[in-house]
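Student: Provided herewith: work.cif, mmCIF, C-alpha atoms.
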data_upload
loop_
_atom_site.group_PDB
_atom_site.id
_atom_site.type_symbol
_atom_site.label_atom_id
_atom_site.label_comp_id
_atom_site.auth_asym_id
_atom_site.auth_seq_id
_atom_site.Cartn_x
_atom_site.Cartn_y
_atom_site.Cartn_z
ATOM 1 C CA MET A 1 31.561 28.561 -16.284
ATOM 2 C CA ASN A 2 29.682 29.406 -13.109
ATOM 3 C CA LYS A 3 27.089 32.145 -12.620
ATOM 4 C CA ASN A 4 29.605 34.788 -11.482
ATOM 5 C CA GLU A 5 31.822 34.139 -14.493
ATOM 6 C CA PHE A 6 28.743 34.314 -16.718
ATOM 7 C CA ILE A 7 27.781 37.683 -15.206
ATOM 8 C CA ASP A 8 31.327 38.968 -15.820
ATOM 9 C CA VAL A 9 31.110 37.997 -19.503
ATOM 10 C CA VAL A 10 27.676 39.607 -19.892
ATOM 11 C CA ALA A 11 28.921 42.792 -18.214
ATOM 12 C CA SER A 12 31.919 43.062 -20.523
ATOM 13 C CA LYS A 13 30.014 42.226 -23.736
ATOM 14 C CA ALA A 14 27.091 44.552 -22.949
ATOM 15 C CA ASP A 15 29.323 47.342 -21.571
ATOM 16 C CA MET A 16 27.471 47.472 -18.243
ATOM 17 C CA THR A 17 28.403 47.191 -14.593
ATOM 18 C CA LYS A 18 28.601 43.794 -12.939
ATOM 19 C CA ALA A 19 25.694 44.760 -10.672
ATOM 20 C CA ASP A 20 23.493 45.636 -13.663
ATOM 21 C CA ALA A 21 24.552 42.479 -15.487
ATOM 22 C CA GLY A 22 23.755 40.403 -12.373
ATOM 23 C CA ARG A 23 20.266 41.872 -12.191
ATOM 24 C CA ALA A 24 19.758 41.261 -15.929
ATOM 25 C CA VAL A 25 20.901 37.640 -15.704
ATOM 26 C CA ASP A 26 18.686 37.044 -12.654
ATOM 27 C CA ALA A 27 15.734 38.630 -14.481
ATOM 28 C CA VAL A 28 16.229 36.322 -17.489
ATOM 29 C CA PHE A 29 16.433 33.227 -15.267
ATOM 30 C CA ASP A 30 13.345 34.338 -13.311
ATOM 31 C CA ALA A 31 11.374 34.972 -16.509
ATOM 32 C CA ILE A 32 12.248 31.526 -17.883
ATOM 33 C CA THR A 33 11.339 29.861 -14.579
ATOM 34 C CA GLU A 34 8.003 31.684 -14.265
ATOM 35 C CA THR A 35 7.055 30.847 -17.848
ATOM 36 C CA LEU A 36 7.848 27.156 -17.339
ATOM 37 C CA GLN A 37 5.845 27.140 -14.078
ATOM 38 C CA LYS A 38 2.816 28.340 -16.081
ATOM 39 C CA GLY A 39 3.264 25.396 -18.447
ATOM 40 C CA ASP A 40 4.427 27.481 -21.420
ATOM 41 C CA ASP A 41 7.596 27.114 -23.494
ATOM 42 C CA VAL A 42 10.335 29.717 -23.954
ATOM 43 C CA ARG A 43 11.502 29.771 -27.587
ATOM 44 C CA LEU A 44 14.652 31.729 -28.352
ATOM 45 C CA VAL A 45 15.056 31.501 -32.123
ATOM 46 C CA GLY A 46 18.542 30.363 -33.077
ATOM 47 C CA PHE A 47 19.434 29.454 -29.484
ATOM 48 C CA GLY A 48 16.927 26.883 -28.293
ATOM 49 C CA THR A 49 13.700 26.074 -26.485
ATOM 50 C CA PHE A 50 13.098 25.652 -22.783
ATOM 51 C CA SER A 51 10.095 23.459 -21.979
ATOM 52 C CA SER A 52 8.743 21.293 -19.210
ATOM 53 C CA SER A 53 7.554 17.724 -19.389
ATOM 54 C CA ARG A 54 5.535 15.629 -16.984
ATOM 55 C CA ARG A 55 7.100 12.477 -15.544
ATOM 56 C CA ALA A 56 4.515 9.961 -14.426
ATOM 57 C CA ALA A 57 4.617 8.317 -11.015
ATOM 58 C CA ARG A 58 6.583 5.110 -11.114
ATOM 59 C CA GLU A 59 8.025 2.336 -9.044
ATOM 60 C CA GLY A 60 11.737 2.329 -8.272
ATOM 61 C CA ARG A 61 14.235 0.543 -6.064
ATOM 62 C CA ASN A 62 16.334 1.739 -3.180
ATOM 63 C CA PRO A 63 19.836 0.782 -4.361
ATOM 64 C CA ARG A 64 21.087 0.269 -0.814
ATOM 65 C CA THR A 65 18.353 -2.072 0.424
ATOM 66 C CA GLY A 66 16.730 -3.288 -2.793
ATOM 67 C CA GLU A 67 13.373 -2.247 -1.337
ATOM 68 C CA THR A 68 10.675 -1.170 -3.812
ATOM 69 C CA ILE A 69 9.632 2.487 -3.434
ATOM 70 C CA GLN A 70 7.082 4.748 -5.083
ATOM 71 C CA ILE A 71 8.466 7.760 -6.941
ATOM 72 C CA LYS A 72 6.044 10.681 -7.209
ATOM 73 C CA ALA A 73 5.020 12.277 -10.496
ATOM 74 C CA SER A 74 6.925 15.481 -11.248
ATOM 75 C CA ASN A 75 7.564 18.160 -13.839
ATOM 76 C CA GLN A 76 11.045 18.223 -15.373
ATOM 77 C CA PRO A 77 12.671 21.107 -17.253
ATOM 78 C CA LYS A 78 14.044 20.378 -20.712
ATOM 79 C CA PHE A 79 16.215 22.304 -23.154
ATOM 80 C CA SER A 80 16.429 21.640 -26.886
ATOM 81 C CA ALA A 81 19.272 23.402 -28.678
ATOM 82 C CA GLY A 82 18.353 25.426 -31.751
ATOM 83 C CA LYS A 83 20.012 25.289 -35.139
ATOM 84 C CA GLY A 84 22.145 28.381 -34.540
ATOM 85 C CA LEU A 85 23.614 26.979 -31.318
ATOM 86 C CA LYS A 86 24.220 23.561 -32.890
ATOM 87 C CA ASP A 87 25.918 25.136 -35.911
ATOM 88 C CA ALA A 88 28.135 27.286 -33.654
ATOM 89 C CA LEU A 89 29.434 24.179 -31.911
ATOM 90 C CA ASN A 90 30.122 22.151 -35.037
#
So, in terms of structure tokens, how does the structure I just supplied come out?
Tutor:
Amino acid sequence: MNKNEFIDVVASKADMTKADAGRAVDAVFDAITETLQKGDDVRLVGFGTFSSSRRAAREGRNPRTGETIQIKASNQPKFSAGKGLKDALN
């Protein structure tokens, strides 16, 4: 499912226009992103938790040349599924 298909589903389930659903979906994604940028977690009970984790700088290899390179430290987003989502899939 891509973003446009997701917006269509939200619009039909929430009985709203596609434009309104698009703005709502964008607002949710923006809120999650902004919260993670601040270093906080987003906990949606029954669905899951969005968090960020720090990856330390490390040494890697260029697969084409075999040359050793330095990989910068970075923050990575993570998602942990909640019990309700896990139960719905099993």
Student: Give me, please, the distance in Å between atom CA of Ile7 of chain A and atom CA of Val25 of chain A, quoted to one decimal.
Tutor: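 Answer for the atom CA of Ile7 of chain A to atom CA of Val25 of chain A separation: 6.9 Å.
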Student: Evaluate the PyMOL selection byres ((chain A and resi 47-58) around 7) against this structure - the residues, as a VMD selection string, please.
Tutor: chain A and resid 36 39 to 46 59 to 60 70 to 82 84 to 85
Student: Record the distance separating atom CA of Glu5 of chain A and atom CA of Phe29 of chain A, expressed in Å with one decimal.
Tutor: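 Distance reported for this atom pair: 15.4 Å.
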Student: Just give me the gap between atom CA of Ala24 of chain A and atom CA of Asn90 of chain A in Å, one decimal is fine.
Tutor: 28.9 Å
